[in-house]
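Chemist: Input protein_28.txt, format and content: compact mmCIF, C-alpha atoms.
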# COMPACT_ATOMS: atom_id res chain seq x y z
CA MET A 7 -22.49 8.68 -14.92
CA SER A 8 -24.24 11.84 -16.11
CA ARG A 9 -25.05 12.52 -19.74
CA THR A 10 -22.44 15.27 -19.89
CA ASP A 11 -19.92 12.80 -18.59
CA VAL A 12 -20.74 10.31 -21.31
CA THR A 13 -20.31 13.05 -23.91
CA LEU A 14 -17.02 14.12 -22.37
CA ALA A 15 -15.79 10.53 -22.33
CA ALA A 16 -16.63 10.25 -26.03
CA LEU A 17 -14.89 13.55 -26.80
CA MET A 18 -11.87 12.42 -24.80
CA LEU A 19 -11.69 9.24 -26.88
CA LEU A 20 -11.67 11.38 -30.03
CA ALA A 21 -8.98 13.57 -28.48
CA GLN A 22 -6.87 10.49 -27.80
CA SER A 23 -7.06 9.69 -31.49
CA GLY A 24 -5.88 13.22 -32.32
CA ASP A 25 -9.10 15.19 -32.93
CA ARG A 26 -8.27 18.79 -31.98
CA GLN A 27 -11.81 20.09 -32.05
CA ALA A 28 -12.93 17.44 -29.60
CA TYR A 29 -9.86 18.09 -27.49
CA ARG A 30 -10.57 21.81 -27.31
CA ALA A 31 -14.13 21.08 -26.15
CA VAL A 32 -12.80 18.75 -23.45
CA LEU A 33 -10.22 21.27 -22.24
CA GLU A 34 -12.68 24.15 -22.19
CA THR A 35 -15.16 22.19 -20.12
CA ALA A 36 -12.37 20.96 -17.88
CA ARG A 37 -11.11 24.50 -17.39
CA VAL A 38 -14.52 25.76 -16.26
CA ARG A 39 -14.77 22.95 -13.75
CA LEU A 40 -11.21 23.42 -12.53
CA VAL A 41 -11.60 27.15 -12.03
CA GLY A 42 -14.60 26.45 -9.80
CA TYR A 43 -12.82 23.64 -7.99
CA PHE A 44 -9.65 25.57 -7.13
CA ARG A 45 -11.33 28.91 -6.42
CA ARG A 46 -13.59 27.25 -3.86
CA ARG A 47 -10.64 25.63 -2.13
CA LEU A 48 -8.14 28.49 -2.40
CA SER A 49 -10.42 31.49 -2.05
CA ALA A 50 -7.70 33.34 -0.12
CA ASP A 51 -5.12 32.76 -2.83
CA PRO A 52 -6.56 33.38 -6.31
CA GLY A 53 -3.09 33.49 -7.87
CA SER A 54 -2.33 29.93 -6.79
CA ALA A 55 -5.80 28.83 -7.84
CA GLU A 56 -5.10 30.19 -11.31
CA ASP A 57 -1.71 28.45 -11.43
CA LEU A 58 -3.25 25.16 -10.34
CA VAL A 59 -5.86 25.36 -13.10
CA GLN A 60 -3.03 25.63 -15.62
CA ASP A 61 -0.96 22.91 -13.93
CA THR A 62 -3.92 20.58 -13.94
CA LEU A 63 -4.73 21.24 -17.60
CA MET A 64 -1.08 20.49 -18.37
CA ALA A 65 -1.36 17.23 -16.40
CA VAL A 66 -4.55 16.33 -18.27
CA HIS A 67 -2.55 16.82 -21.46
CA GLU A 68 0.42 14.73 -20.35
CA LYS A 69 -1.68 11.91 -18.92
CA ARG A 70 -4.45 11.86 -21.53
CA ALA A 71 -3.49 8.31 -22.56
CA THR A 72 -4.46 7.01 -19.11
CA PHE A 73 -8.12 8.00 -19.51
CA ASP A 74 -10.35 5.00 -19.91
CA PRO A 75 -13.91 5.44 -21.21
CA SER A 76 -15.17 2.89 -18.69
CA LEU A 77 -14.47 5.50 -15.99
CA SER A 78 -16.23 8.80 -15.69
CA PHE A 79 -14.35 11.77 -17.11
CA GLY A 80 -15.46 13.83 -14.12
CA ALA A 81 -13.90 11.35 -11.69
CA TRP A 82 -10.71 11.21 -13.74
CA LEU A 83 -10.41 15.00 -13.86
CA HIS A 84 -11.25 15.34 -10.18
CA GLY A 85 -8.57 12.77 -9.32
CA ILE A 86 -5.92 14.83 -11.09
CA ALA A 87 -7.16 18.13 -9.62
CA ARG A 88 -7.14 16.68 -6.12
CA TYR A 89 -3.61 15.36 -6.67
CA LYS A 90 -2.39 18.80 -7.79
CA LEU A 91 -4.11 20.46 -4.84
CA ILE A 92 -2.47 18.13 -2.31
CA ASP A 93 0.86 18.65 -4.05
CA HIS A 94 0.34 22.40 -3.71
CA TYR A 95 -0.46 22.16 0.02
CA ARG A 96 2.59 19.99 0.64
CA ARG A 97 4.99 22.29 -1.15
CA HIS A 98 3.69 25.33 0.66
CA LYS A 99 3.74 23.76 4.07
CA ARG A 100 7.39 22.91 3.58
CA ARG A 101 8.14 26.35 2.14
CA GLU A 102 10.35 24.87 -0.49
CA THR A 103 11.19 26.92 -3.52
CA ILE A 104 9.65 25.37 -6.58
CA PRO A 105 12.29 24.42 -9.11
CA LEU A 106 11.89 26.04 -12.52
CA GLY A 107 10.10 23.26 -14.33
CA GLU A 108 8.37 23.06 -17.67
CA ASP A 109 5.03 23.27 -15.83
CA ASP A 110 5.73 26.77 -14.59
CA PHE A 111 5.73 28.26 -18.04
CA ALA A 112 2.05 27.87 -18.73
CA ALA A 113 1.14 30.30 -15.99
CA ASP A 114 3.63 32.94 -17.09
CA THR A 115 1.19 34.78 -19.29
CA ASP A 116 -0.95 35.57 -16.26
CA ASP A 117 1.97 36.66 -14.13
CA ALA A 118 3.14 38.68 -17.09
CA ALA A 119 -0.11 40.59 -17.30
CA ALA A 120 0.16 41.60 -13.67
CA THR A 121 3.80 42.53 -13.87
CA LEU A 122 3.53 44.44 -17.10
CA ALA A 123 0.62 46.50 -15.85
CA ARG A 124 2.67 47.75 -12.95
CA ILE A 125 5.86 48.91 -14.54
CA ASP A 126 6.99 50.92 -17.46
CA VAL A 127 7.47 48.28 -20.08
CA GLU A 128 10.14 49.86 -22.20
CA ALA A 129 12.20 50.90 -19.21
CA MET A 130 11.90 47.38 -17.86
CA LEU A 131 13.03 45.76 -21.09
CA ALA A 132 15.95 48.15 -21.39
CA ARG A 133 17.34 46.87 -18.11
CA LEU A 134 17.23 43.23 -19.16
CA PRO A 135 19.72 41.28 -21.25
CA ALA A 136 18.87 41.64 -24.95
CA LYS A 137 17.93 37.98 -25.36
CA GLN A 138 15.42 38.04 -22.52
CA ALA A 139 13.97 41.37 -23.63
CA ALA A 140 13.43 40.06 -27.16
CA ALA A 141 11.74 36.89 -25.90
CA ILE A 142 9.37 38.84 -23.63
CA ARG A 143 8.58 41.33 -26.36
CA LEU A 144 7.60 38.60 -28.83
CA ILE A 145 5.69 36.34 -26.46
CA HIS A 146 4.06 38.66 -23.99
CA LEU A 147 3.73 41.97 -25.82
CA GLU A 148 3.15 40.84 -29.38
CA GLY A 149 1.28 37.68 -28.47
CA HIS A 150 3.33 35.16 -30.44
CA THR A 151 3.55 31.57 -29.33
CA ALA A 152 6.85 30.37 -27.94
CA ARG A 153 7.46 28.46 -31.15
CA GLU A 154 6.93 31.48 -33.38
CA ALA A 155 9.17 33.51 -31.13
CA ALA A 156 11.80 30.81 -31.31
CA ASP A 157 11.65 30.83 -35.12
CA ARG A 158 12.09 34.58 -35.26
CA LEU A 159 14.98 34.57 -32.84
CA GLY A 160 16.59 31.54 -34.41
CA ALA A 161 16.75 29.82 -31.02
CA ASN A 162 15.07 26.70 -29.77
CA GLU A 163 11.66 26.84 -28.20
CA SER A 164 12.48 25.88 -24.66
CA ALA A 165 15.45 28.28 -24.55
CA VAL A 166 13.11 31.10 -25.55
CA LYS A 167 10.59 30.09 -22.89
CA VAL A 168 13.34 30.03 -20.28
CA SER A 169 14.59 33.46 -21.41
CA ALA A 170 11.12 34.98 -21.17
CA HIS A 171 10.50 33.35 -17.82
CA ARG A 172 13.82 34.49 -16.31
CA GLY A 173 13.40 37.93 -17.82
CA LEU A 174 10.02 38.39 -16.17
CA LYS A 175 11.36 37.22 -12.85
CA ALA A 176 14.28 39.62 -13.13
CA ALA A 177 11.97 42.44 -14.18
CA ALA A 178 9.70 41.81 -11.25
CA ALA A 179 12.67 41.83 -8.90
CA ASN A 180 14.06 45.01 -10.50
CA ALA A 181 10.75 46.77 -10.04
CA GLY A 182 10.71 45.75 -6.42
CA ALA A 183 7.39 44.08 -7.06
CA SER A 184 7.64 41.03 -4.87
CA GLU A 185 4.23 39.86 -6.04
CA GLY A 186 5.87 39.09 -9.34
CA GLU A 187 7.73 36.21 -7.72
CA ARG A 188 5.74 33.06 -7.54
CA SER A 189 5.98 31.93 -3.96
CA MET B 5 -1.72 37.38 -25.18
CA THR B 6 -1.97 33.70 -26.05
CA ASP B 7 -4.35 31.33 -24.32
CA PRO B 8 -2.35 28.46 -22.81
CA LEU B 9 -5.19 26.20 -23.89
CA ASP B 10 -4.28 26.87 -27.53
CA ASP B 11 -0.78 25.58 -26.88
CA LEU B 12 -2.16 22.32 -25.53
CA VAL B 13 -4.55 21.91 -28.46
CA ASP B 14 -1.71 22.65 -30.89
CA ALA B 15 0.48 20.11 -29.11
CA LEU B 16 -2.13 17.34 -29.40
CA GLU B 17 -0.71 14.14 -30.86
CA PRO B 18 -2.69 10.92 -31.14
CA VAL B 19 -1.96 8.62 -28.21
CA ARG B 20 -2.75 4.98 -27.68
CA PRO B 21 -4.75 4.53 -24.49
CA VAL B 22 -2.55 2.84 -21.89
CA ARG B 23 -3.97 0.04 -19.78
CA PRO B 24 -2.42 -1.53 -16.70
CA ALA B 25 -2.86 -5.04 -18.12
CA ASN B 26 -0.88 -4.20 -21.26
CA LEU B 27 1.86 -2.57 -19.22
CA ALA B 28 1.95 -5.63 -16.97
CA LEU B 29 2.90 -7.77 -19.96
CA ARG B 30 5.87 -5.49 -20.60
CA PHE B 31 7.07 -4.80 -17.06
CA VAL B 32 5.54 -7.14 -14.48
CA PHE B 33 5.50 -10.42 -16.37
CA PRO B 34 9.23 -10.29 -17.27
CA ALA B 35 10.01 -9.41 -13.64
CA LEU B 36 8.01 -12.43 -12.50
CA LEU B 37 9.91 -14.66 -14.95
CA LEU B 38 13.20 -13.22 -13.72
CA SER B 39 12.21 -13.96 -10.12
CA ALA B 40 11.09 -17.49 -10.95
CA ALA B 41 14.23 -18.23 -12.98
CA GLY B 42 16.51 -16.68 -10.34
CA MET B 43 14.89 -18.71 -7.62
CA ALA B 44 14.99 -21.95 -9.63
CA ILE B 45 18.70 -21.46 -10.32
CA LEU B 46 19.88 -20.11 -6.95
CA ILE B 47 17.61 -22.02 -4.58
CA GLY B 48 16.06 -24.73 -6.73
CA VAL B 49 12.57 -26.16 -6.60
CA ARG B 50 11.71 -28.41 -3.66
CA PRO B 51 13.68 -31.66 -3.80
CA ASP B 52 10.59 -33.87 -3.59
CA MET B 53 9.31 -32.22 -6.70
CA PRO B 54 7.15 -34.13 -9.00
CA GLY B 55 5.69 -36.01 -6.04
CA ALA B 56 4.92 -32.81 -4.14
CA LEU B 57 2.31 -31.97 -6.78
CA ALA B 58 0.08 -34.55 -5.09
CA LEU B 59 0.27 -32.78 -1.70
CA PRO B 60 -2.68 -30.61 -0.74
CA SER B 61 -0.33 -28.30 1.19
CA PHE B 62 1.50 -27.44 -2.05
CA TRP B 63 -1.69 -26.25 -3.70
CA VAL B 64 -3.05 -24.54 -0.61
CA LYS B 65 0.08 -22.37 -0.35
CA LEU B 66 0.04 -21.56 -4.04
CA ALA B 67 -3.70 -20.85 -4.21
CA ALA B 68 -3.72 -18.69 -1.07
CA MET B 69 -0.88 -16.52 -2.32
CA LEU B 70 -2.32 -16.25 -5.83
CA ALA B 71 -5.68 -15.17 -4.41
CA ILE B 72 -4.02 -12.36 -2.43
CA ALA B 73 -1.94 -11.44 -5.48
CA GLY B 74 -5.19 -11.20 -7.46
CA ALA B 75 -6.67 -8.80 -4.93
CA GLY B 76 -3.41 -6.82 -4.96
CA TRP B 77 -3.49 -6.61 -8.74
CA PHE B 78 -7.08 -5.38 -8.65
CA ALA B 79 -6.05 -2.63 -6.22
CA LEU B 80 -2.94 -1.80 -8.25
CA ALA B 81 -4.86 -1.44 -11.52
CA ALA B 82 -7.49 0.77 -9.88
CA ALA B 83 -4.84 2.93 -8.17
CA SER B 84 -3.03 3.48 -11.45
CA ARG B 85 -5.66 5.92 -12.75
CA PRO B 86 -6.98 9.23 -11.46
CA GLY B 87 -10.44 8.65 -10.05
CA GLY B 88 -9.89 4.94 -9.49
CA SER B 89 -10.02 3.64 -5.94
CA PRO B 90 -7.68 0.94 -4.66
CA ALA B 91 -9.92 0.44 -1.61
CA PRO B 92 -11.99 -2.56 -2.81
CA GLY B 93 -8.90 -4.52 -3.83
CA LEU B 94 -7.01 -3.64 -0.65
CA ILE B 95 -9.98 -4.57 1.52
CA ALA B 96 -10.36 -7.89 -0.33
CA GLY B 97 -6.64 -8.53 0.22
CA GLY B 98 -6.97 -7.68 3.90
CA VAL B 99 -9.95 -10.02 4.29
CA LEU B 100 -8.00 -12.87 2.66
CA VAL B 101 -5.03 -12.23 4.96
CA GLY B 102 -7.40 -12.30 7.94
CA ILE B 103 -9.08 -15.54 6.85
CA LEU B 104 -5.70 -17.19 6.40
CA LEU B 105 -4.61 -16.01 9.86
CA LEU B 106 -7.75 -17.50 11.41
CA ALA B 107 -7.19 -20.76 9.53
CA GLY B 108 -3.60 -20.78 10.77
CA LEU B 109 -4.76 -20.18 14.33
CA ALA B 110 -7.37 -22.94 14.09
CA ASN B 111 -4.73 -25.30 12.74
CA LEU B 112 -2.50 -24.45 15.70
CA LEU B 113 -5.26 -25.05 18.24
CA LEU B 114 -6.30 -28.34 16.65
CA ALA B 115 -2.73 -29.67 16.60
CA GLU B 116 -1.45 -31.96 19.34
CA PRO B 117 0.07 -29.77 22.04
CA GLY B 118 3.45 -31.40 21.43
CA ASN B 119 3.35 -30.52 17.72
CA ARG B 120 2.31 -26.91 18.04
CA MET B 121 5.81 -25.50 18.07
CA ASP B 122 6.60 -27.38 14.86
CA ALA B 123 3.38 -26.22 13.21
CA LEU B 124 4.24 -22.62 13.97
CA MET B 125 7.98 -22.53 13.42
CA GLY B 126 8.50 -25.21 10.75
CA HIS B 127 12.14 -25.77 9.87
CA SER B 128 12.91 -22.91 7.48
CA VAL B 129 11.76 -19.63 8.98
CA GLN B 130 15.19 -18.06 8.55
CA GLN B 131 15.17 -18.85 4.82
CA CYS B 132 11.51 -18.22 4.14
CA LEU B 133 11.36 -14.56 5.13
CA PRO B 134 14.38 -13.17 3.24
CA ARG B 135 13.72 -15.37 0.22
CA VAL B 136 10.11 -14.32 -0.22
CA ILE B 137 11.17 -10.69 0.04
CA LEU B 138 14.03 -11.16 -2.42
CA VAL B 139 11.86 -12.98 -4.96
CA ALA B 140 9.22 -10.26 -4.61
CA LEU B 141 11.54 -7.28 -5.16
CA PRO B 142 11.83 -7.55 -8.99
CA VAL B 143 8.04 -7.84 -9.18
CA LEU B 144 7.71 -4.77 -6.96
CA ALA B 145 10.11 -2.87 -9.22
CA GLY B 146 8.13 -3.87 -12.31
CA SER B 147 4.87 -2.85 -10.62
CA LEU B 148 6.26 0.56 -9.66
CA ILE B 149 7.47 1.10 -13.23
CA LEU B 150 3.97 0.24 -14.43
CA LEU B 151 2.49 2.79 -12.01
CA ARG B 152 4.92 5.46 -13.19
CA ARG B 153 3.69 4.93 -16.75
CA MET B 154 0.15 5.47 -15.52
CA ALA B 155 -1.10 8.33 -13.35
CA PRO B 156 -1.54 7.26 -9.71
CA THR B 157 -2.92 10.03 -7.52
CA ARG B 158 -2.91 8.33 -4.09
CA LEU B 159 0.72 7.45 -3.87
CA HIS B 160 0.79 5.68 -0.50
CA LEU B 161 -2.10 3.43 -1.44
CA ALA B 162 -0.77 2.81 -4.94
CA GLY B 163 2.58 1.79 -3.43
CA LEU B 164 0.82 -0.38 -0.86
CA ALA B 165 -1.18 -2.11 -3.60
CA ALA B 166 1.98 -2.69 -5.65
CA GLY B 167 3.71 -4.11 -2.55
CA LEU B 168 0.81 -6.40 -1.66
CA PHE B 169 0.65 -7.69 -5.21
CA ALA B 170 4.42 -8.18 -5.48
CA GLY B 171 4.72 -9.73 -2.01
CA ALA B 172 1.98 -12.26 -2.69
CA ALA B 173 3.29 -13.02 -6.20
CA GLY B 174 6.79 -13.48 -4.75
CA ALA B 175 5.43 -15.77 -2.04
CA ALA B 176 3.55 -17.80 -4.69
CA VAL B 177 6.81 -18.25 -6.63
CA TYR B 178 8.76 -19.15 -3.48
CA SER B 179 6.12 -21.71 -2.45
CA VAL B 180 7.35 -23.91 -5.30
CA SER B 181 10.72 -24.33 -3.58
CA CYS B 182 9.46 -24.49 0.02
CA THR B 183 8.79 -27.82 1.74
CA GLU B 184 6.82 -26.45 4.68
CA SER B 185 3.38 -28.00 4.89
CA SER B 186 1.83 -26.32 7.94
CA LEU B 187 -1.06 -23.95 7.43
CA THR B 188 0.07 -22.00 10.48
CA PHE B 189 3.51 -21.50 8.97
CA LEU B 190 1.90 -20.16 5.80
CA ALA B 191 -0.45 -17.90 7.71
CA VAL B 192 2.28 -16.38 9.87
CA TRP B 193 5.58 -16.33 8.00
CA TYR B 194 4.54 -16.13 4.38
CA GLN B 195 2.14 -13.37 5.26
CA LEU B 196 4.68 -11.54 7.40
CA ALA B 197 7.13 -11.49 4.48
CA MET B 198 4.36 -10.44 2.12
CA LEU B 199 3.26 -7.60 4.39
CA ALA B 200 6.89 -6.46 4.71
CA VAL B 201 6.98 -6.07 0.92
CA ALA B 202 3.63 -4.24 1.07
CA ALA B 203 5.14 -1.87 3.65
CA ILE B 204 8.18 -1.26 1.44
CA GLY B 205 5.79 -0.41 -1.39
CA ALA B 206 3.76 1.96 0.76
CA LEU B 207 6.91 3.78 1.90
CA ALA B 208 8.40 3.92 -1.58
CA GLY B 209 5.16 5.08 -3.24
CA PRO B 210 5.23 8.78 -2.39
CA ARG B 211 8.94 8.99 -3.23
CA LEU B 212 9.01 7.04 -6.46
CA LEU B 213 5.60 7.66 -7.97
CA ARG B 214 5.36 11.46 -8.00
CA TRP B 215 4.66 13.07 -11.33
Before we go any further, please render this structure as structure tokens.
Modeler:
Amino acid sequence: MSRTDVTLAALMLLAQSGDRQAYRAVLETARVRLVGYFRRRLSADPGSAEDLVQDTLMAVHEKRATFDPSLSFGAWLHGIARYKLIDHYRRHKRRETIPLGEDDFAADTDDAAATLARIDVEAMLARLPAKQAAAIRLIHLEGHTAREAADRLGANESAVKVSAHRGLKAAAANAGASEGERS
Amino acid sequence: MTDPLDDLVDALEPVRPVRPANLALRFVFPALLLSAAGMAILIGVRPDMPGALALPSFWVKLAAMLAIAGAGWFALAAASRPGGSPAPGLIAGGVLVGILLLAGLANLLLAEPGNRMDALMGHSVQQCLPRVILVALPVLAGSLILLRRMAPTRLHLAGLAAGLFAGAAGAAVYSVSCTESSLTFLAVWYQLAMLAVAAIGALAGPRLLRW
């Protein structure tokens, strides 16, 4: 076990007890490693690599209670990344459409950047239902978190996330920008 | 634009580390009790019971199955975490199965030619196989629930480990109600039933353990 790994294991223990500073350090290190890991393996598909980094960070978050300091943090992280990569290969071989799950939302900000750069924002929002337009405006243009947006709109958080997500998909379809659809 | 990492940091709540052994107390142990109680009520312990405790064959059956269950548990616990490898436990289980098969074969060859059929077939093959599998199924269910609470990343192997553990634990429980005394019977039929449960686990793993 390397020295970095011992430090990460200690930080992860702190994160399990609720220490946000330690948790941020863990996630930032994990993200650097994951970006390298997925870019190497999906060099032809940087979009998917980016999505998988987010998916894996989300999985790290959900499964953080299963980390045990007697194991190496690197091995634990690699195990999750490998699992997400295999999952990705399997879904794409079968060409199934990915159901709209909670996991998809994390990557929206990146898709949003690409989509928004390509089309006239105001014209795009004008063609969407008011609810979706408002959610996109707050989250993706003004940079609020989903929770803040939900407070402002008086709706619940996941409904606002769904609105923004659907709105972006619709906008991408409207603009004829098929890249906006996550395959 | 918000960094998704901020959302995760904001969402951090303290968690208690989960360990397979603690989860086993909640999910596997009750399943084992259910199996044992169900078997005692529906099938009953062997009729020669307190006396059977003096028979070496009683303890050989129990010890052999518990040893394989131990290896299965070791594999199951390792498979329950990202980065853990079920391979050492599965290999140990495989070696034990192989040793028992060799012992069963030796027992068959050493028996009088006229007794070999009895040594192999015993008198309860038709009951032994379905009963071991039935007794093992609650334990398999409890083991799969345990795995779902953890984070297995090799789903076939995790399911296989759960099946090996549950099959051997089920066979250990059933051995208390089984009057067969032949080592060959144990090596062939107990292990066949146990491996059937392991196969069920391996097939169910990828379907039931995804997260």
Chemist: If you measure from CA of Ala197 in chain B to CA of Ala170 in chain B, what distance in Å do you get, rounded to one decimal?
Modeler: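 According to the coordinates, CA of Ala197 in chain B and CA of Ala170 in chain B are separated by 10.8 Å.
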Chemist: Using CA of Ala55 in chain A and CA of Val38 in chain A as the two end points, give the distance in Å to one decimal.
Modeler: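 Taking CA of Ala55 in chain A as the start and CA of Val38 in chain A as the end point, the length is 12.5 Å.
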Chemist: Counting all atoms listed in the file, which residues from chain A have an atom at most 7 Å from any atom of chain B, and could you show them as number ranges by chain?
Modeler: A: 22-24, 26, 29-30, 67, 69, 71-73, 81-82, 84-86, 89, 112, 146, 149, 151
Chemist: Can you work out the spacing between CA of Gly108 in chain B and CA of Ala140 in chain B in Å, to one decimal?
Modeler: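 It comes out at 22.6 Å.
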Chemist: Using all atoms listed in the file, which of B:Val201, B:Val143, B:Leu106, B:Ala162 sits nearest Leu37 in chain B?
Modeler: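 Residue with the minimum atom-to-atom distance to Leu37 in chain B: B:Val143.
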Chemist: Could you pull the residues within 12 Å of Leu14 in chain A, counting all atoms listed in the file, minus those fewer than 5 positions along the same chain, as a PDB file with C-alpha atoms, in the frame of the given file?
Modeler:
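Written out: selection09.pdb:
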ATOM      1  CA  MET A   7     -22.490   8.680 -14.920  1.00  0.00           C
ATOM      2  CA  SER A   8     -24.240  11.840 -16.110  1.00  0.00           C
ATOM      3  CA  ARG A   9     -25.050  12.520 -19.740  1.00  0.00           C
ATOM      4  CA  LEU A  19     -11.690   9.240 -26.880  1.00  0.00           C
ATOM      5  CA  LEU A  20     -11.670  11.380 -30.030  1.00  0.00           C
ATOM      6  CA  ALA A  21      -8.980  13.570 -28.480  1.00  0.00           C
ATOM      7  CA  ALA A  28     -12.930  17.440 -29.600  1.00  0.00           C
ATOM      8  CA  TYR A  29      -9.860  18.090 -27.490  1.00  0.00           C
ATOM      9  CA  ARG A  30     -10.570  21.810 -27.310  1.00  0.00           C
ATOM     10  CA  ALA A  31     -14.130  21.080 -26.150  1.00  0.00           C
ATOM     11  CA  VAL A  32     -12.800  18.750 -23.450  1.00  0.00           C
ATOM     12  CA  LEU A  33     -10.220  21.270 -22.240  1.00  0.00           C
ATOM     13  CA  GLU A  34     -12.680  24.150 -22.190  1.00  0.00           C
ATOM     14  CA  THR A  35     -15.160  22.190 -20.120  1.00  0.00           C
ATOM     15  CA  ALA A  36     -12.370  20.960 -17.880  1.00  0.00           C
ATOM     16  CA  PHE A  73      -8.120   8.000 -19.510  1.00  0.00           C
ATOM     17  CA  ASP A  74     -10.350   5.000 -19.910  1.00  0.00           C
ATOM     18  CA  PRO A  75     -13.910   5.440 -21.210  1.00  0.00           C
ATOM     19  CA  SER A  76     -15.170   2.890 -18.690  1.00  0.00           C
ATOM     20  CA  LEU A  77     -14.470   5.500 -15.990  1.00  0.00           C
ATOM     21  CA  SER A  78     -16.230   8.800 -15.690  1.00  0.00           C
ATOM     22  CA  PHE A  79     -14.350  11.770 -17.110  1.00  0.00           C
ATOM     23  CA  GLY A  80     -15.460  13.830 -14.120  1.00  0.00           C
ATOM     24  CA  ALA A  81     -13.900  11.350 -11.690  1.00  0.00           C
ATOM     25  CA  TRP A  82     -10.710  11.210 -13.740  1.00  0.00           C
ATOM     26  CA  LEU A  83     -10.410  15.000 -13.860  1.00  0.00           C
TER      27      LEU A  83
END
Chemist: Arg47 in chain A: which residues within 12 Å, counting only C-alpha atoms, same-chain residues fewer than 5 positions away excluded, as a ChimeraX atom specification?
Modeler: /A:40-42,52,54-56,58-59,87-88,91-92,94-95
Chemist: At a cut-off of 8 Å, using only C-alpha atoms, what residues contact Ala28 in chain B? Leave out same-chain residues fewer than 4 positions from it and give the result as JSON, numbers by chain.
Modeler: {"B": [24, 32, 33, 146, 147, 150]}
Chemist: Measuring between only C-alpha atoms, which one of B:Asn26, B:Ala56, B:Ser186, B:Gly48 shows the shortest distance to Gly126 in chain B?
Modeler: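 Looking only at the distances to Gly126 in chain B, the closest residue turns out to be B:Ser186.
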Chemist: When you look at Gly98 in chain B with a cut-off of 12 Å (counting only C-alpha atoms), what residues show up, excluding the ones that are within fewer than 5 positions of it in the same chain? I need them as a list in words.
Modeler: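 Here the answer would be Ala71, Ile72, Ala73, Ala75, Gly76, Ala79, Ala91, Pro92, Gly93, Ile103, Leu104, Leu105, Leu164, Ala165, Leu168, Phe169, Gln195, Met198, Leu199 and Ala202 of chain B.
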Chemist: So which one's closest to Thr183 in chain B, B:Met53, B:Leu109, B:Ile95, B:Leu138? Using all atoms listed in the file, please.
Modeler: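 Checking each candidate against Thr183 in chain B, we get B:Met53 as the closest.
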